[in-house]
Amino acid sequence: MQNTPLIAHVIHRLGVGGLENGLVNLINSIPSSRYRHAIICLEGYTDFRNRITQDNIKIIALNKREGYDLKLYLRLFSVLRELKPDIIHTRNLAALEAQLIAAAARIKKRVHSEHGRDIMDLKGENFKYNMLRRVIYPFVGHFITVSKDLESWLTCLLNVSPERISQIYNGVDNRRFSPSITNYCRQGPKGFFTDDAFIIGSVGRMEAVKDYPNLVRAFSLILKNNPETGKRLRLMIVGDGSTRNECLDMAREAGVADFVWFPGERSDISELMRMMDLFVLPSLAEGISNTILEAMSCGLPVVATRVGGNTELVDEKSTGKLVASGNTVELASAILDYYMTPELVRLQGISARQKVESEFSMKAMTNNYLGVYDQIMSM
């Protein structure tokens, strides 16, 4: 085992999130005979680490302090000198500076991947951030992006040569995330699931970039304008974060609290998705959304905002509908269209499942990452 190449994955924090979910899926899917793994968390980790099924995965927390923590780099240097990884793989801007430390630690094979943009820089045009990228990118041997949108951003705005970039879509476990069986029992708060309830669902971090308040506004608008037909509608948002209480307050103020359920962070996402009829993601920015892929794999049509990689996942008129970010009226209208057209829900759900099976398998994602790692090891 010690002769098996070691990859050190450097991330900001190991907790619930799309980037972290993709990392865990990748580690679980790569045969242990091919590569070993260590995860270095600049801040720390949560119980999310328990989703890792591979044995002997080192998870190291550097416990970054608030603000600029100079000693963090010394701790990282020490860890890298101790681990002596064959490859270092950093993810997103928060971990990018680790490339410099890796170079100082004489780790020659260096990979960096971009997984999406932050609420503070939705278009990837922040001058300070991009200056930092331009300074550090020459130290990166190879780049990976999870969407064509991010690949284009690297080449056009930051002048990274195309031959240094591999675009790899996230994969989804389509055995775990599968359509509901006949007469699937939906369990939740008393009165939430009725025999004829139409469940609008979403899964994600309830942070500003996900814009869940807009989904609550859209849901409230539908019920206000359709008081009779809207009685079957329910809204379920799975996740936690800084906007959760705001969303709860909005639902109470709009008088729709009895029709919403925010169960918080959950580990049974596939089961909860099978309780849904329509998946909605109202984000202001996305890389490639794991939750959209998981919802499609569960046979759900998707309403999503026209941002980032969403346009590469959702085929309008085939697997879902795209709307402008922040547009409450357009979002409400799209949701209502599905509610009023059950056959559209059924047909697009079938198409969504087929698209995931043909284009976004876990096997394809794993093989593509292995191809990059193998190529780098051979150089």
# chains A, B, ... in the order shown; residues from 1 in each chain; ligands from 1

call {"tool": "select_by_dssp", "arguments": {"residues": "segment 138-197 of chain A", "states": "strand (DSSP E)", "output": "PyMOL selection string"}}
result
chain A and resi 142-145+165-167

call {"tool": "closest_atom_pairs", "arguments": {"of": "segment 261-310 of chain A", "to": "segment 208-216 of chain A", "cutoff": "8 Å", "atoms": "only C-alpha atoms", "output": "JSON lines"}}
result
{"residue": "A:Leu281", "atom": "CA", "partner": "A:Lys210", "partner_atom": "CA", "distance": 7.6}
{"residue": "A:Pro282", "atom": "CA", "partner": "A:Asp211", "partner_atom": "CA", "distance": 5.8}
{"residue": "A:Ser283", "atom": "CA", "partner": "A:Lys210", "partner_atom": "CA", "distance": 4.0}
{"residue": "A:Leu284", "atom": "CA", "partner": "A:Val209", "partner_atom": "CA", "distance": 5.3}
{"residue": "A:Ala285", "atom": "CA", "partner": "A:Val209", "partner_atom": "CA", "distance": 6.3}

call {"tool": "closest_atom_pairs", "arguments": {"of": "segment 301-368 of chain A", "to": "segment 139-151 of chain A", "cutoff": "10 Å", "atoms": "only C-alpha atoms", "output": "Markdown table"}}
result
| residue | atom | partner | partner_atom | distance |
| --- | --- | --- | --- | --- |
| A:Val307 | CA | A:Asp149 | CA | 9.3 |
| A:Gly308 | CA | A:Asp149 | CA | 6.0 |
| A:Gly309 | CA | A:Ser147 | CA | 5.5 |
| A:Asn310 | CA | A:Ser147 | CA | 9.1 |
| A:Thr311 | CA | A:Asp149 | CA | 9.1 |
| A:Glu312 | CA | A:Ser147 | CA | 7.6 |
| A:Leu313 | CA | A:Ser147 | CA | 9.6 |

call {"tool": "residues_around", "arguments": {"residues": "Leu223 of chain A", "least_positions_apart": "6", "cutoff": "10 Å", "atoms": "only C-alpha atoms", "output": "list in words"}}
result
Thr229, Gly230, Lys231, Arg232, Leu233, Arg234, Ala254, Gly255, Val256, Phe259, Ala332 and Leu336 of chain A

call {"tool": "atom_distance", "arguments": {"atom1": "atom CA of Thr305 of chain A", "atom2": "atom CA of Gly204 of chain A"}}
result
14.1 Å

call {"tool": "residues_around", "arguments": {"residues": "Glu207 of chain A", "least_positions_apart": "5", "cutoff": "6 Å", "atoms": "only C-alpha atoms", "output": "list in words"}}
result
Gly241, Ser242 and Thr243 of chain A

call {"tool": "closest_atom_pairs", "arguments": {"of": "segment 85-115 of chain A", "to": "segment 11-22 of chain A", "cutoff": "8 Å", "atoms": "only C-alpha atoms", "output": "tab-separated table"}}
result
residue	atom	partner	partner_atom	distance
A:Thr90	CA	A:Ile11	CA	6.2
A:Arg91	CA	A:Ile11	CA	5.7
A:Asn92	CA	A:Ile11	CA	7.7
A:Ala94	CA	A:His12	CA	5.9
A:Ala95	CA	A:Ile11	CA	5.5
A:His115	CA	A:Leu19	CA	6.4

call {"tool": "write_last_selection", "arguments": {"atoms": "C-alpha atoms", "output": "compact mmCIF listing (two decimals), in the first residue's frame"}}
result
# COMPACT_ATOMS: atom_id res chain seq x y z
CA THR A 90 -6.36 22.05 -4.25
CA ARG A 91 -9.97 23.12 -4.77
CA ASN A 92 -11.36 26.62 -5.29
CA ALA A 94 -9.92 29.31 -0.60
CA ALA A 95 -7.27 26.60 -0.98
CA HIS A 115 -15.96 24.16 -8.65

call {"tool": "closest_residue", "arguments": {"among": "A:Gln375, A:Pro301, A:Ser270, A:Tyr73", "to": "Glu343 of chain A", "atoms": "only C-alpha atoms"}}
result
A:Pro301

call {"tool": "select_by_dssp", "arguments": {"residues": "segment 59-275 of chain A", "states": "helix (DSSP H, G or I)", "output": "number ranges by chain"}}
result
A: 70-83, 92-96, 98-104, 127-139, 148-156, 162-164, 208-210, 212-225, 229-232, 244-254, 257-259, 269-273

call {"tool": "closest_residue", "arguments": {"among": "A:Asp86, A:Glu114, A:Ser289, A:Glu265", "to": "Phe48 of chain A", "atoms": "only C-alpha atoms"}}
result
A:Glu265

call {"tool": "closest_residue", "arguments": {"among": "A:Val238, A:Val302, A:Ile30, A:Ile39", "to": "Ile57 of chain A", "atoms": "only C-alpha atoms"}}
result
A:Ile39

call {"tool": "closest_residue", "arguments": {"among": "A:Gln99, A:Arg106, A:Gly287, A:Val10", "to": "Ala61 of chain A", "atoms": "only C-alpha atoms"}}
result
A:Val10

call {"tool": "residues_around", "arguments": {"residues": "Asn63 of chain A", "least_positions_apart": "4", "cutoff": "9 Å", "atoms": "only C-alpha atoms", "output": "compact mmCIF listing (two decimals) with C-alpha atoms, in the first residue's frame"}}
result
# COMPACT_ATOMS: atom_id res chain seq x y z
CA CYS A 41 -8.84 20.94 5.81
CA LEU A 42 -7.66 24.51 6.27
CA GLU A 43 -10.36 25.05 8.88
CA GLY A 44 -11.80 21.75 10.08
CA LEU A 72 -1.38 28.28 8.90

call {"tool": "atom_distance", "arguments": {"atom1": "atom CA of Met275 of chain A", "atom2": "atom CA of Pro342 of chain A"}}
result
15.5 Å

call {"tool": "atom_distance", "arguments": {"atom1": "atom CA of Arg353 of chain A", "atom2": "atom CA of Glu294 of chain A"}}
result
9.3 Å

call {"tool": "closest_residue", "arguments": {"among": "A:Thr328, A:Ser267, A:Ser166, A:Ser351", "to": "Tyr373 of chain A", "atoms": "only C-alpha atoms"}}
result
A:Ser166
